[in-house]
Structure formats: structure tokens, C-alpha cells
$ cat final.txt   # compact mmCIF, C-alpha atoms
# COMPACT_ATOMS: atom_id res chain seq x y z
CA VAL A 558 0.00 0.00 0.00
CA PRO A 559 1.53 3.35 -0.97
CA GLU A 560 2.39 5.72 1.85
CA ARG A 561 -0.54 8.10 2.33
CA PRO A 562 0.02 11.41 4.07
CA THR A 563 -2.32 11.40 7.07
CA LEU A 564 -4.73 14.27 6.59
CA GLY A 565 -4.93 16.24 9.81
CA ASN A 566 -3.95 13.23 11.93
CA THR A 567 -6.59 10.75 10.72
CA ASP A 568 -6.34 7.06 11.53
CA TYR A 569 -4.64 4.66 9.12
CA ALA A 570 -5.76 1.28 10.51
CA PHE A 571 -8.82 -0.57 11.74
CA GLU A 572 -9.19 -3.55 14.01
CA MET A 573 -11.78 -6.36 14.06
CA ALA A 574 -12.85 -7.63 17.46
CA ILE A 575 -15.82 -9.94 17.99
CA SER A 576 -16.89 -12.51 20.53
CA ASN A 577 -16.75 -16.17 19.64
CA ILE A 578 -20.24 -17.10 18.51
CA ARG A 579 -21.95 -20.48 18.30
CA TYR A 580 -25.22 -20.87 16.44
CA GLY A 581 -27.76 -23.68 16.38
CA GLU A 582 -31.23 -24.75 17.52
CA GLY A 583 -30.95 -25.99 21.10
CA VAL A 584 -27.31 -24.90 21.51
CA THR A 585 -28.17 -23.45 24.95
CA LYS A 586 -27.99 -26.94 26.43
CA GLU A 587 -24.19 -26.82 25.99
CA ILE A 588 -23.73 -23.90 28.41
CA GLY A 589 -23.18 -26.14 31.45
CA MET A 590 -20.34 -27.90 29.62
CA ASP A 591 -18.84 -24.56 28.56
CA LEU A 592 -18.75 -23.40 32.18
CA GLN A 593 -17.24 -26.71 33.24
CA ASN A 594 -14.59 -26.33 30.52
CA LEU A 595 -13.81 -22.85 31.86
CA GLY A 596 -13.37 -24.32 35.36
CA ALA A 597 -16.10 -22.00 36.69
CA ARG A 598 -16.84 -22.45 40.41
CA ARG A 599 -19.16 -19.51 41.14
CA VAL A 600 -21.33 -18.31 38.28
CA CYS A 601 -23.49 -15.18 38.16
CA LEU A 602 -26.62 -15.69 36.00
CA MET A 603 -28.25 -12.39 34.99
CA THR A 604 -31.70 -11.97 33.45
CA ASP A 605 -34.87 -9.91 33.98
CA LYS A 606 -38.10 -10.63 35.87
CA ASN A 607 -40.15 -11.45 32.72
CA LEU A 608 -37.57 -13.76 31.20
CA SER A 609 -36.92 -15.61 34.44
CA LYS A 610 -40.24 -17.43 33.86
CA LEU A 611 -39.69 -18.18 30.15
CA PRO A 612 -38.14 -21.12 28.23
CA PRO A 613 -34.70 -19.52 27.49
CA VAL A 614 -33.83 -19.14 31.20
CA ASN A 615 -35.28 -22.57 31.88
CA ALA A 616 -33.00 -24.11 29.24
CA VAL A 617 -29.96 -22.46 30.88
CA LEU A 618 -31.00 -23.56 34.39
CA ASN A 619 -31.47 -27.15 33.20
CA SER A 620 -27.97 -27.21 31.70
CA LEU A 621 -26.39 -25.66 34.83
CA ALA A 622 -28.14 -28.28 36.99
CA LYS A 623 -27.16 -31.15 34.71
CA TYR A 624 -23.46 -30.25 34.85
CA GLY A 625 -23.42 -29.37 38.57
CA ILE A 626 -22.61 -25.68 38.11
CA ASN A 627 -22.80 -23.58 41.28
CA PHE A 628 -24.56 -20.30 40.45
CA GLN A 629 -26.49 -17.35 41.86
CA ILE A 630 -29.28 -15.70 39.89
CA TYR A 631 -29.79 -11.94 39.53
CA ASP A 632 -33.16 -11.25 37.86
CA ASN A 633 -33.45 -7.58 38.71
CA VAL A 634 -32.16 -6.24 35.39
CA ARG A 635 -34.18 -3.24 34.20
CA VAL A 636 -35.45 -3.16 30.63
CA GLU A 637 -33.66 -0.06 29.21
CA PRO A 638 -31.15 0.09 32.11
CA THR A 639 -30.22 3.22 34.07
CA ASP A 640 -27.01 4.15 35.90
CA GLN A 641 -28.78 3.09 39.13
CA SER A 642 -29.86 -0.31 37.76
CA PHE A 643 -26.26 -0.86 36.56
CA LEU A 644 -24.97 0.05 40.04
CA ASP A 645 -27.39 -2.42 41.69
CA ALA A 646 -26.13 -5.23 39.45
CA ILE A 647 -22.50 -4.18 40.04
CA GLN A 648 -23.10 -4.34 43.80
CA PHE A 649 -24.46 -7.89 43.44
CA ALA A 650 -21.46 -8.92 41.33
CA LYS A 651 -18.92 -7.46 43.75
CA LYS A 652 -20.50 -9.27 46.72
CA GLY A 653 -20.69 -12.59 44.89
CA GLU A 654 -17.00 -12.81 43.93
CA PHE A 655 -17.96 -14.69 40.76
CA ASP A 656 -15.49 -16.31 38.40
CA ALA A 657 -17.83 -16.40 35.37
CA TYR A 658 -20.98 -14.64 34.15
CA VAL A 659 -23.97 -15.72 32.08
CA ALA A 660 -26.42 -13.20 30.56
CA VAL A 661 -29.76 -14.49 29.27
CA GLY A 662 -31.87 -11.81 27.65
CA GLY A 663 -31.92 -8.90 25.23
CA GLY A 664 -29.50 -6.00 25.06
CA SER A 665 -30.54 -4.69 28.48
CA VAL A 666 -29.48 -7.91 30.21
CA MET A 667 -26.28 -8.42 28.22
CA ASP A 668 -25.18 -4.80 28.73
CA THR A 669 -25.93 -4.90 32.47
CA CYS A 670 -23.90 -8.10 32.79
CA LYS A 671 -20.93 -6.57 30.90
CA ALA A 672 -20.94 -3.59 33.28
CA ALA A 673 -21.20 -5.84 36.35
CA ASN A 674 -18.24 -7.93 35.15
CA LEU A 675 -16.16 -4.81 34.42
CA TYR A 676 -16.66 -3.04 37.76
CA ALA A 677 -16.40 -6.22 39.83
CA ALA A 678 -13.00 -6.78 38.17
CA SER A 679 -12.01 -3.18 38.90
CA PRO A 680 -13.36 -2.60 42.43
CA SER A 681 -11.51 0.66 43.02
CA ALA A 682 -12.86 2.31 39.83
CA GLU A 683 -15.39 5.12 40.08
CA PHE A 684 -18.52 4.51 37.99
CA LEU A 685 -17.77 7.36 35.56
CA ASP A 686 -14.17 6.21 34.95
CA TYR A 687 -15.14 3.92 32.07
CA VAL A 688 -18.25 5.77 30.84
CA ASN A 689 -17.82 7.38 27.41
CA ALA A 690 -16.52 10.95 27.31
CA PRO A 691 -17.69 13.69 27.53
CA ILE A 692 -20.17 12.38 30.15
CA GLY A 693 -17.61 10.09 31.80
CA LYS A 694 -13.81 9.86 31.65
CA GLY A 695 -13.68 7.18 28.95
CA LYS A 696 -10.60 5.50 30.48
CA PRO A 697 -9.21 2.44 28.68
CA VAL A 698 -9.90 -0.91 30.41
CA THR A 699 -6.63 -2.49 31.53
CA VAL A 700 -7.91 -5.00 34.13
CA PRO A 701 -8.58 -8.66 33.15
CA LEU A 702 -12.31 -9.54 33.18
CA LYS A 703 -13.97 -12.87 33.96
CA PRO A 704 -15.46 -15.00 31.15
CA LEU A 705 -18.98 -13.95 30.13
CA ILE A 706 -21.33 -16.14 28.08
CA ALA A 707 -24.21 -14.24 26.45
CA VAL A 708 -27.45 -15.97 25.40
CA PRO A 709 -29.49 -13.45 23.37
CA THR A 710 -33.28 -13.85 23.46
CA THR A 711 -34.13 -11.00 21.06
CA SER A 712 -33.00 -10.42 17.49
CA GLY A 713 -31.82 -6.86 17.70
CA THR A 714 -28.94 -5.50 19.69
CA GLY A 715 -26.17 -7.86 18.57
CA SER A 716 -24.82 -7.22 22.08
CA GLU A 717 -23.52 -10.81 22.24
CA THR A 718 -20.80 -9.78 19.76
CA THR A 719 -19.89 -6.24 20.92
CA GLY A 720 -17.90 -4.43 23.57
CA VAL A 721 -20.61 -1.85 24.23
CA ALA A 722 -22.98 -1.41 27.21
CA ILE A 723 -25.66 1.30 27.01
CA PHE A 724 -27.67 2.85 29.86
CA ASP A 725 -29.83 5.89 30.75
CA PHE A 726 -27.87 8.46 32.75
CA LYS A 727 -30.77 9.76 34.83
CA GLU A 728 -29.23 12.99 36.07
CA LEU A 729 -28.77 14.28 32.50
CA LYS A 730 -31.81 12.41 31.09
CA VAL A 731 -29.65 11.00 28.35
CA LYS A 732 -28.41 7.60 27.25
CA THR A 733 -24.70 6.94 27.18
CA GLY A 734 -22.55 3.88 27.67
CA ILE A 735 -19.25 2.11 28.04
CA ALA A 736 -17.40 1.07 24.89
CA SER A 737 -14.33 -1.14 25.08
CA ARG A 738 -13.25 -4.32 23.32
CA ALA A 739 -12.32 -5.65 26.78
CA ILE A 740 -15.98 -6.02 27.86
CA LYS A 741 -17.23 -8.07 24.90
CA PRO A 742 -18.59 -11.52 25.83
CA THR A 743 -16.25 -14.49 25.63
CA LEU A 744 -18.94 -16.46 23.82
CA GLY A 745 -22.35 -15.70 22.34
CA LEU A 746 -24.73 -18.69 22.21
CA ILE A 747 -27.20 -17.88 19.43
CA ASP A 748 -30.12 -20.26 19.81
CA PRO A 749 -33.00 -19.47 17.42
CA LEU A 750 -35.44 -21.44 19.63
CA HIS A 751 -35.36 -18.47 22.02
CA THR A 752 -36.92 -16.15 19.45
CA LEU A 753 -40.13 -18.19 19.41
CA SER A 754 -41.29 -16.69 22.73
CA MET A 755 -40.93 -13.07 21.48
CA PRO A 756 -44.19 -11.10 21.05
CA GLU A 757 -44.85 -9.29 17.74
CA ARG A 758 -43.83 -5.73 18.71
CA ILE A 759 -40.62 -6.93 20.38
CA VAL A 760 -39.72 -8.74 17.15
CA ALA A 761 -40.48 -5.54 15.21
CA ASN A 762 -38.57 -3.12 17.43
CA SER A 763 -35.56 -5.37 17.83
CA GLY A 764 -35.57 -5.89 14.04
CA PHE A 765 -35.50 -2.13 13.50
CA ASP A 766 -32.34 -2.00 15.59
CA VAL A 767 -30.72 -4.54 13.23
CA LEU A 768 -31.88 -2.48 10.24
CA CYS A 769 -30.31 0.72 11.60
CA HIS A 770 -27.13 -1.03 12.77
CA ALA A 771 -26.60 -2.25 9.21
CA LEU A 772 -27.52 1.05 7.50
CA GLU A 773 -25.53 3.25 9.87
CA SER A 774 -22.37 1.16 9.91
CA TYR A 775 -22.39 0.88 6.09
CA THR A 776 -22.79 4.65 5.65
CA ALA A 777 -20.52 5.72 8.56
CA LEU A 778 -17.46 7.90 8.07
CA PRO A 779 -14.66 5.68 6.62
CA TYR A 780 -12.12 4.57 9.25
CA ASN A 781 -9.23 6.40 7.52
CA GLN A 782 -11.07 9.73 7.73
CA ARG A 783 -11.68 9.48 11.48
CA SER A 784 -9.46 11.56 13.72
CA PRO A 785 -7.49 11.69 15.88
CA CYS A 786 -5.16 8.85 15.05
CA PRO A 787 -4.56 7.08 18.40
CA SER A 788 -1.12 7.48 19.97
CA ASN A 789 -1.39 3.90 21.26
CA PRO A 790 -3.61 1.05 19.95
CA ILE A 791 -5.36 0.79 23.34
CA HIS A 792 -6.92 4.19 22.54
CA ARG A 793 -8.30 3.14 19.14
CA PRO A 794 -12.07 3.27 19.73
CA ALA A 795 -14.34 0.24 19.38
CA TYR A 796 -16.35 2.33 16.88
CA GLN A 797 -13.79 3.12 14.18
CA GLY A 798 -15.82 4.05 11.08
CA SER A 799 -16.85 1.99 8.08
CA ASN A 800 -14.20 -0.41 6.83
CA PRO A 801 -13.97 -3.22 4.27
CA VAL A 802 -14.67 -6.00 6.81
CA SER A 803 -17.62 -4.39 8.61
CA ASP A 804 -19.13 -3.48 5.20
CA VAL A 805 -19.47 -7.18 4.34
CA TRP A 806 -21.38 -7.93 7.57
CA ALA A 807 -23.57 -4.82 7.36
CA LEU A 808 -24.70 -5.52 3.79
CA HIS A 809 -25.36 -9.18 4.51
CA ALA A 810 -27.44 -8.28 7.58
CA LEU A 811 -29.41 -5.74 5.50
CA ARG A 812 -30.25 -8.39 2.90
CA ILE A 813 -31.56 -10.74 5.61
CA VAL A 814 -33.67 -7.94 7.14
CA ALA A 815 -35.15 -7.15 3.72
CA LYS A 816 -36.06 -10.80 3.17
CA TYR A 817 -37.18 -11.94 6.63
CA LEU A 818 -38.13 -9.11 9.04
CA LYS A 819 -41.73 -8.67 7.86
CA ARG A 820 -42.25 -12.44 7.89
CA ALA A 821 -40.77 -12.77 11.41
CA ILE A 822 -43.12 -10.05 12.72
CA ARG A 823 -46.28 -11.24 11.02
CA ASN A 824 -46.01 -14.95 11.75
CA PRO A 825 -44.62 -16.10 15.11
CA GLU A 826 -44.62 -19.68 13.78
CA ASP A 827 -42.27 -18.80 10.89
CA ARG A 828 -39.19 -20.47 12.34
CA GLU A 829 -37.08 -19.83 9.24
CA ALA A 830 -37.70 -16.07 9.40
CA ARG A 831 -37.12 -15.84 13.15
CA ALA A 832 -33.95 -17.95 12.97
CA ASN A 833 -32.56 -15.78 10.17
CA MET A 834 -33.32 -12.55 12.05
CA HIS A 835 -31.51 -13.97 15.10
CA LEU A 836 -28.45 -14.50 12.92
CA ALA A 837 -28.85 -11.10 11.21
CA SER A 838 -28.68 -9.48 14.63
CA ALA A 839 -25.25 -11.04 15.24
CA PHE A 840 -24.06 -10.20 11.69
CA ALA A 841 -25.06 -6.55 12.10
CA GLY A 842 -23.43 -6.63 15.56
CA ILE A 843 -20.12 -7.67 14.02
CA GLY A 844 -20.48 -4.82 11.51
CA PHE A 845 -21.46 -1.98 13.82
CA GLY A 846 -19.45 -3.32 16.77
CA ASN A 847 -16.36 -2.35 14.80
CA ALA A 848 -17.55 0.37 12.41
CA GLY A 849 -19.95 2.08 14.81
CA VAL A 850 -23.32 3.74 14.26
CA HIS A 851 -24.05 7.43 13.75
CA LEU A 852 -27.00 9.84 13.79
CA CYS A 853 -30.03 7.52 14.18
CA HIS A 854 -28.41 6.13 17.33
CA GLY A 855 -27.02 9.46 18.56
CA MET A 856 -30.48 11.05 18.27
CA SER A 857 -32.24 7.99 19.72
CA TYR A 858 -30.63 8.34 23.14
CA PRO A 859 -32.51 11.50 24.17
CA ILE A 860 -35.70 10.13 22.52
CA SER A 861 -35.49 7.22 24.98
CA GLY A 862 -34.11 9.28 27.87
CA LEU A 863 -36.78 12.02 27.80
CA VAL A 864 -39.77 9.67 27.44
CA LYS A 865 -42.91 11.01 29.14
CA THR A 866 -45.80 8.56 29.30
CA TYR A 867 -45.34 6.25 26.30
CA LYS A 868 -45.75 2.54 27.02
CA PRO A 869 -45.32 0.22 24.05
CA LYS A 870 -47.60 -2.69 23.22
CA ASP A 871 -46.25 -6.17 24.15
CA TYR A 872 -43.75 -4.86 26.75
CA ASN A 873 -44.54 -5.95 30.29
CA VAL A 874 -42.93 -3.03 32.19
CA ASP A 875 -43.91 -0.78 35.08
CA HIS A 876 -42.29 2.38 33.67
CA SER A 877 -42.68 4.51 30.53
CA LEU A 878 -40.23 3.57 27.82
CA VAL A 879 -39.51 3.96 24.15
CA PRO A 880 -38.01 0.64 23.01
CA HIS A 881 -34.50 1.20 21.70
CA GLY A 882 -35.18 -0.06 18.15
CA LEU A 883 -38.21 2.22 17.84
CA SER A 884 -36.31 5.27 19.10
CA VAL A 885 -33.64 4.59 16.47
CA VAL A 886 -35.81 3.90 13.43
CA LEU A 887 -38.19 6.88 13.79
CA THR A 888 -35.47 9.31 12.66
CA SER A 889 -34.05 7.06 9.93
CA PRO A 890 -35.88 8.58 6.92
CA ALA A 891 -34.76 12.11 7.87
CA VAL A 892 -31.22 11.02 8.78
CA PHE A 893 -30.44 9.16 5.55
CA ALA A 894 -31.97 11.93 3.43
CA PHE A 895 -29.46 14.21 5.21
CA THR A 896 -26.33 11.98 5.08
CA ALA A 897 -26.74 10.82 1.47
CA GLN A 898 -24.88 13.88 0.12
CA ILE A 899 -21.77 11.93 1.13
CA HIS A 900 -21.44 8.46 -0.45
CA PRO A 901 -24.81 8.65 -2.26
CA GLU A 902 -24.00 5.37 -4.04
CA ARG A 903 -24.01 3.53 -0.69
CA HIS A 904 -27.40 5.01 0.20
CA LEU A 905 -28.78 4.00 -3.20
CA GLU A 906 -27.41 0.45 -2.83
CA ALA A 907 -29.13 0.17 0.58
CA ALA A 908 -32.44 1.41 -0.91
CA GLU A 909 -32.20 -1.23 -3.66
CA ILE A 910 -31.59 -4.01 -1.11
CA LEU A 911 -34.69 -2.83 0.78
CA GLY A 912 -36.80 -3.11 -2.38
CA ALA A 913 -36.49 0.19 -4.25
CA ASP A 914 -36.40 0.12 -8.05
CA ILE A 915 -33.31 2.19 -8.84
CA ARG A 916 -33.02 1.49 -12.59
CA THR A 917 -33.84 5.09 -13.53
CA ALA A 918 -32.70 6.70 -10.27
CA ARG A 919 -30.40 9.72 -10.28
CA ILE A 920 -27.50 9.51 -7.86
CA LYS A 921 -28.37 12.93 -6.40
CA ASP A 922 -31.77 11.57 -5.32
CA ALA A 923 -30.24 8.70 -3.32
CA GLY A 924 -31.21 10.17 0.07
CA LEU A 925 -34.84 10.80 -0.86
CA ILE A 926 -35.15 7.33 -2.41
CA LEU A 927 -33.77 5.63 0.71
CA ALA A 928 -35.98 7.82 2.97
CA ASP A 929 -39.12 6.91 0.97
CA THR A 930 -38.17 3.22 0.98
CA LEU A 931 -37.80 3.31 4.78
CA ARG A 932 -41.12 5.14 5.24
CA LYS A 933 -42.93 2.54 3.16
CA PHE A 934 -41.23 -0.26 5.11
CA LEU A 935 -42.33 1.26 8.45
CA PHE A 936 -45.84 2.05 7.25
CA ASP A 937 -46.31 -1.58 6.16
CA LEU A 938 -45.37 -2.65 9.70
CA ASN A 939 -47.78 -0.27 11.55
CA VAL A 940 -45.00 1.77 13.13
CA ASP A 941 -46.08 4.83 15.16
CA ASP A 942 -46.33 7.91 12.93
CA GLY A 943 -43.16 9.69 14.03
CA LEU A 944 -42.04 11.29 17.28
CA ALA A 945 -45.39 13.08 17.71
CA ALA A 946 -47.11 9.69 18.04
CA ILE A 947 -44.90 8.72 21.01
CA GLY A 948 -45.51 11.95 22.91
CA TYR A 949 -43.11 14.58 21.54
CA SER A 950 -43.87 18.00 20.05
CA LYS A 951 -41.87 20.83 18.49
CA ALA A 952 -41.50 22.31 21.99
CA ASP A 953 -39.30 19.31 22.91
CA ILE A 954 -36.81 19.81 20.07
CA PRO A 955 -34.31 21.97 22.02
CA ALA A 956 -34.13 19.34 24.79
CA LEU A 957 -33.75 16.53 22.22
CA VAL A 958 -30.91 18.41 20.51
CA LYS A 959 -29.24 19.10 23.87
CA GLY A 960 -29.40 15.37 24.63
CA THR A 961 -27.81 14.50 21.28
CA LEU A 962 -24.82 16.83 21.61
CA PRO A 963 -22.89 14.70 24.18
CA GLN A 964 -23.20 11.62 21.92
CA GLU A 965 -19.99 12.49 20.06
CA ARG A 966 -18.79 8.90 20.13
CA VAL A 967 -21.41 8.17 17.47
CA THR A 968 -22.44 11.54 15.98
CA LYS A 969 -18.85 12.18 14.86
CA LEU A 970 -19.08 9.01 12.76
CA SER A 971 -21.81 10.57 10.62
CA PRO A 972 -20.41 10.93 7.10
CA ARG A 973 -21.81 14.48 7.06
CA PRO A 974 -20.98 16.80 9.98
CA GLN A 975 -24.02 18.39 11.60
CA THR A 976 -24.75 21.67 13.41
CA GLU A 977 -27.31 22.18 16.17
CA GLU A 978 -29.60 23.69 13.50
CA ASP A 979 -29.22 20.52 11.40
CA LEU A 980 -30.17 18.36 14.40
CA SER A 981 -33.23 20.56 15.09
CA ALA A 982 -34.32 20.17 11.47
CA LEU A 983 -33.86 16.39 11.63
CA PHE A 984 -35.97 16.10 14.80
CA GLU A 985 -38.61 18.33 13.25
CA ALA A 986 -38.69 16.23 10.06
CA SER A 987 -39.14 13.11 12.22
CA MET A 988 -42.23 14.38 14.11
CA LYS A 989 -44.46 12.86 11.41
CA LEU A 990 -43.39 10.09 9.01
CA TYR A 991 -46.33 9.48 6.72
$ encode --input "final.txt" --output "C-alpha cells"
Amino acid sequence: VPERPTLGNTDYAFEMAISNIRYGEGVTKEIGMDLQNLGARRVCLMTDKNLSKLPPVNAVLNSLAKYGINFQIYDNVRVEPTDQSFLDAIQFAKKGEFDAYVAVGGGSVMDTCKAANLYAASPSAEFLDYVNAPIGKGKPVTVPLKPLIAVPTTSGTGSETTGVAIFDFKELKVKTGIASRAIKPTLGLIDPLHTLSMPERIVANSGFDVLCHALESYTALPYNQRSPCPSNPIHRPAYQGSNPVSDVWALHALRIVAKYLKRAIRNPEDREARANMHLASAFAGIGFGNAGVHLCHGMSYPISGLVKTYKPKDYNVDHSLVPHGLSVVLTSPAVFAFTAQIHPERHLEAAEILGADIRTARIKDAGLILADTLRKFLFDLNVDDGLAAIGYSKADIPALVKGTLPQERVTKLSPRPQTEEDLSALFEASMKLY
């Protein structure tokens, strides 16, 4: 490769880091053997109250019993975790002195378990030490963590493959997180049988997360345009910008979403569709876990964090919440219409995968074509008509923009830089979709 002068200290390399993953119907029954093979003596099993009564947790418990694994269960994980719910789980982990962790659930459970493992391994750390800057200190993780086996029960976050843990920071009413390759699970057990107990709207909202992971990582700023170039590889972020390896995973995930998401939502008995979406979630996780996401995710964090009274169908929770996948996808038409000025050919390719006829399309219309394709996709799936339908109005836009500004870890990966005025316009354009 010819020497390339680094423009204003941009990076010149990218790194691929993913968990080991094992896929197959019924693969959960192997978890007891895995823990035995790791020599685990005291295992922490994390899940949430709803899941603790469902088949996925049962399958794990049966395997732990069969192989004589000594464990303690923590089922107090909050759906859409907060700093306080993370701290409660961390407290449990520190007391238990565990030598391995198992997370059975969606992104909320897997992320909580990653945080518990990290802070139990680093007992003198302050909570904000590892939280992303500018909210926390964003320190690199240098302590060794215990093995963590993740068993995803939704087809959305891809958290079984990534080194990211997201939570609501209550004081600022904003979502943020911890991002480090060091916290990624040791193993992700992807068992499509677990998707059969997911209600329709959970399938839909988790599928929208996969859709946006794929679209955002494929259209993110290229890795060699991201600055600053790290002085030491430990400082190279987990989210590095689009790169030739993550592109492969993102596009493949997008093709599966286009083929199977509607089927998985409409027919709970469609095992082929649900199994493929479970795999697509991991594929997109490998893509965005290394490339990163950008504006849909950056703007979604205040949409979730500032929720007023919205309670989604099919979610058995005692608090208002905007499911993560929904908060991400509602801004997607506006976002991709905005970012398509840069790399319009990628936006057009994505629109074609999602069903658009681009034979006579002009490259300068790529953003509008992708936005229209997404609107049609969401309309067909009965998605709420924009931010207004989940309780927001124009009066909330300044607070939503303010909540987006600290999300630099992702917003700076947008291929097109954005001002506060741009963000206001994007929120305004997302108030109504149809």
C-alpha cells in the first residue's frame, strides 16, 4: 500500500474484534459444559423478571443443573437500564466474587452483565471512569475480566458480539454507555429457539435496531477519515468508522432484514424467518461493533431518555419507555436523506436491497429514495407515525438536541458533519413520518 500522508492526523488502521459465537437450535444446552470447561466455580446468571419465567432461562438452568454448576441468579435487570440499575447489578457482582458470568436476555441484560463484570474486576474504579466521554472519563480498560457467556433472546442488539454497554444516565436524562473491546462476551450462544417466545412488537422493534445497525455502519465515516489517530492502539475506539470488513457484515445483515423481518413479525410460527433474524442481529453486531453507528443512534438516546408517558404494546414493564429499536428507526428517513450527500452510491445500494427500483434513479436523489423506501417499510409494519405519536412535540426539540450533543462517540461518525440547526431540522422532520 503506498504511503498516504495522514490528513490532519486521521487514523490509518482498523481492528476487528468480535466474541466467539456459536449458532444452532438448542445450543443453549451446551452452556453447562462450557462453564465446566472454563473451570467456573461460582457463576453469576443475569436476566430480567419477565424472562426468568420463560423457556430460554429454563434451558440455561437445566444445563447448569445437569453439569453441577454452582450459580447465583440476579433477575433484577431493568429493561432499558439506568445508571442506578447498573450500580445495583455491580453491587451484586462485587459481593458474589464470581469467576464467570452468564447473561440471558436482550441487550438490556447483556449490557448490564458486561458492566457488572467490568466493575467487579475493577473494584476501586469510580462509575464514571469507564463511561464514554464527555459524560464520563472514557478511560481504557486495563484489568482482566472474567469469562462472560451471552445468550441473546431478542434479534436486535447484537450485544452478544460487541464491547458496548448502554444505559440511561438519569441525572442528564440521556443515554450513554461504556465502549471497550475488553468487555465483549467471551462467547455468544445464538439459539434461534429463544426467538419463538418473542411477542410481535418486540420482534419488530428489535428488528429495526438490526436495520439501523446495518444502515448506519455501512454509511458511517470511513475509518481512515476518522481523527485523531490514536497514539497507542489501546486508545483506538471500538467504533472506528466503516471499513472493508464491517461493510461485508452490514450488507449481509441488511439483505436478511429485507427478506425476513416482515415475515418474522407477522407470523410467530415462521421459524425460518425468526432464525434468520436472530443470525442477522449477530451479523449486524459484528459490523457496527467495529464500524460504529451514527446519527439515528445518537439522536435515539434523548428520545429514549426524555420519554414522558409512552408505554409500548407487548412490553410488560412498570415504567414509561420507548423501546430502543423504535427510538432509532423513527429518525431514519430524515437522517439518511441528510447523510446521502456523502457516499450517495451507498445510500442507493441500501435502498435497492430494501426493495427500491433504482433502474432510472439519479445519484443525487439517493437520500430521498432511501428515505421513501424506509417510510414505506415502516408504514407496512404499523409503526407509530413519528415522534409526535410517542408523545413529543416541536417544543421538545431543544431538549432533544441538547441530549444529542454529548453523543460524540457516534455523531462524529456521521459521514456528514451536523450543526445544532441541522439536528433541530432532523428532529422536526421526524415528528411525522407518513
$ atom_distance --input "final.txt" --atom1 "atom CA of Ala657 of chain A" --atom2 "atom CA of Met590 of chain A"
13.1 Å
$ axis_aligned_box --input "final.txt" --around "segment 950-965 of chain A" --padding-each-side "8 Å" --output "JSON"
{"center_x": -31.9, "center_y": 17.0, "center_z": 21.6, "size_x": 39.9, "size_y": 26.7, "size_z": 22.3}
$ residues_near_point --input "final.txt" --point "(-16.9, 3.9, 36.2)" --cutoff "10 Å" --atoms "only C-alpha atoms" --output "MDAnalysis selection string"
chainID A and resid 644 672 675:676 679:689 693:696 735
$ residues_around --input "final.txt" --residues "segment 771-776 of chain A" --least-positions-apart "4" --cutoff "9 Å" --atoms "all atoms listed in the file" --output "PyMOL selection string"
chain A and resi 766-767+798-800+803-811+840-842+844-854+893+896-897+899-900+903-904+907+970-972
$ atom_distance --input "final.txt" --atom1 "atom CA of Val885 of chain A" --atom2 "atom CA of Gly581 of chain A"
28.9 Å
$ residues_around --input "final.txt" --residues "Tyr949 of chain A" --least-positions-apart "6" --cutoff "10 Å" --atoms "only C-alpha atoms" --output "ChimeraX atom specification"
/A:860,863-865,867,943,957,984,988
$ atom_distance --input "final.txt" --atom1 "atom CA of Glu637 of chain A" --atom2 "atom CA of Asn833 of chain A"
24.7 Å
$ closest_residue --input "final.txt" --among "A:Glu582, A:Asp605, A:Asp941, A:Asp929" --to "Ala891 of chain A" --atoms "only C-alpha atoms"
A:Asp929
$ residues_around --input "final.txt" --residues "Tyr991 of chain A" --least-positions-apart "5" --cutoff "8 Å" --atoms "only C-alpha atoms" --output "list in words"
Arg932, Phe936, Asp942 and Gly943 of chain A
$ closest_residue --input "final.txt" --among "A:Gln964, A:Thr718, A:Gln898, A:Gln641" --to "Ile747 of chain A" --atoms "only C-alpha atoms"
A:Thr718
$ build_atoms --input "final.txt" --residues "segment 835-848 of chain A" --atoms "N, CA and C atoms" --output "PDB file, keeping the file's coordinate frame"
ATOM      1  N   HIS A 835     -32.397 -13.794  13.946  1.00  0.00           N
ATOM      2  CA  HIS A 835     -31.510 -13.970  15.100  1.00  0.00           C
ATOM      3  C   HIS A 835     -30.049 -13.926  14.633  1.00  0.00           C
ATOM      4  N   LEU A 836     -29.794 -14.511  13.484  1.00  0.00           N
ATOM      5  CA  LEU A 836     -28.450 -14.500  12.920  1.00  0.00           C
ATOM      6  C   LEU A 836     -28.101 -13.113  12.382  1.00  0.00           C
ATOM      7  N   ALA A 837     -29.083 -12.453  11.747  1.00  0.00           N
ATOM      8  CA  ALA A 837     -28.850 -11.100  11.210  1.00  0.00           C
ATOM      9  C   ALA A 837     -28.435 -10.142  12.310  1.00  0.00           C
ATOM     10  N   SER A 838     -29.017 -10.326  13.495  1.00  0.00           N
ATOM     11  CA  SER A 838     -28.680  -9.480  14.630  1.00  0.00           C
ATOM     12  C   SER A 838     -27.191  -9.595  14.971  1.00  0.00           C
ATOM     13  N   ALA A 839     -26.679 -10.837  14.959  1.00  0.00           N
ATOM     14  CA  ALA A 839     -25.250 -11.040  15.240  1.00  0.00           C
ATOM     15  C   ALA A 839     -24.395 -10.503  14.093  1.00  0.00           C
ATOM     16  N   PHE A 840     -24.826 -10.713  12.842  1.00  0.00           N
ATOM     17  CA  PHE A 840     -24.060 -10.200  11.690  1.00  0.00           C
ATOM     18  C   PHE A 840     -23.941  -8.684  11.772  1.00  0.00           C
ATOM     19  N   ALA A 841     -25.082  -8.016  12.015  1.00  0.00           N
ATOM     20  CA  ALA A 841     -25.060  -6.550  12.100  1.00  0.00           C
ATOM     21  C   ALA A 841     -24.209  -6.119  13.293  1.00  0.00           C
ATOM     22  N   GLY A 842     -24.250  -6.923  14.379  1.00  0.00           N
ATOM     23  CA  GLY A 842     -23.430  -6.630  15.560  1.00  0.00           C
ATOM     24  C   GLY A 842     -21.944  -6.638  15.228  1.00  0.00           C
ATOM     25  N   ILE A 843     -21.530  -7.609  14.413  1.00  0.00           N
ATOM     26  CA  ILE A 843     -20.120  -7.670  14.020  1.00  0.00           C
ATOM     27  C   ILE A 843     -19.775  -6.437  13.191  1.00  0.00           C
ATOM     28  N   GLY A 844     -20.714  -6.015  12.321  1.00  0.00           N
ATOM     29  CA  GLY A 844     -20.480  -4.820  11.510  1.00  0.00           C
ATOM     30  C   GLY A 844     -20.390  -3.561  12.347  1.00  0.00           C
ATOM     31  N   PHE A 845     -21.466  -3.252  13.096  1.00  0.00           N
ATOM     32  CA  PHE A 845     -21.460  -1.980  13.820  1.00  0.00           C
ATOM     33  C   PHE A 845     -20.570  -2.020  15.058  1.00  0.00           C
ATOM     34  N   GLY A 846     -20.332  -3.230  15.597  1.00  0.00           N
ATOM     35  CA  GLY A 846     -19.450  -3.320  16.770  1.00  0.00           C
ATOM     36  C   GLY A 846     -18.042  -2.853  16.478  1.00  0.00           C
ATOM     37  N   ASN A 847     -17.694  -2.819  15.195  1.00  0.00           N
ATOM     38  CA  ASN A 847     -16.360  -2.350  14.800  1.00  0.00           C
ATOM     39  C   ASN A 847     -16.408  -1.045  14.001  1.00  0.00           C
ATOM     40  N   ALA A 848     -17.454  -0.872  13.184  1.00  0.00           N
ATOM     41  CA  ALA A 848     -17.550   0.370  12.410  1.00  0.00           C
ATOM     42  C   ALA A 848     -18.204   1.475  13.237  1.00  0.00           C
TER      43      ALA A 848
END
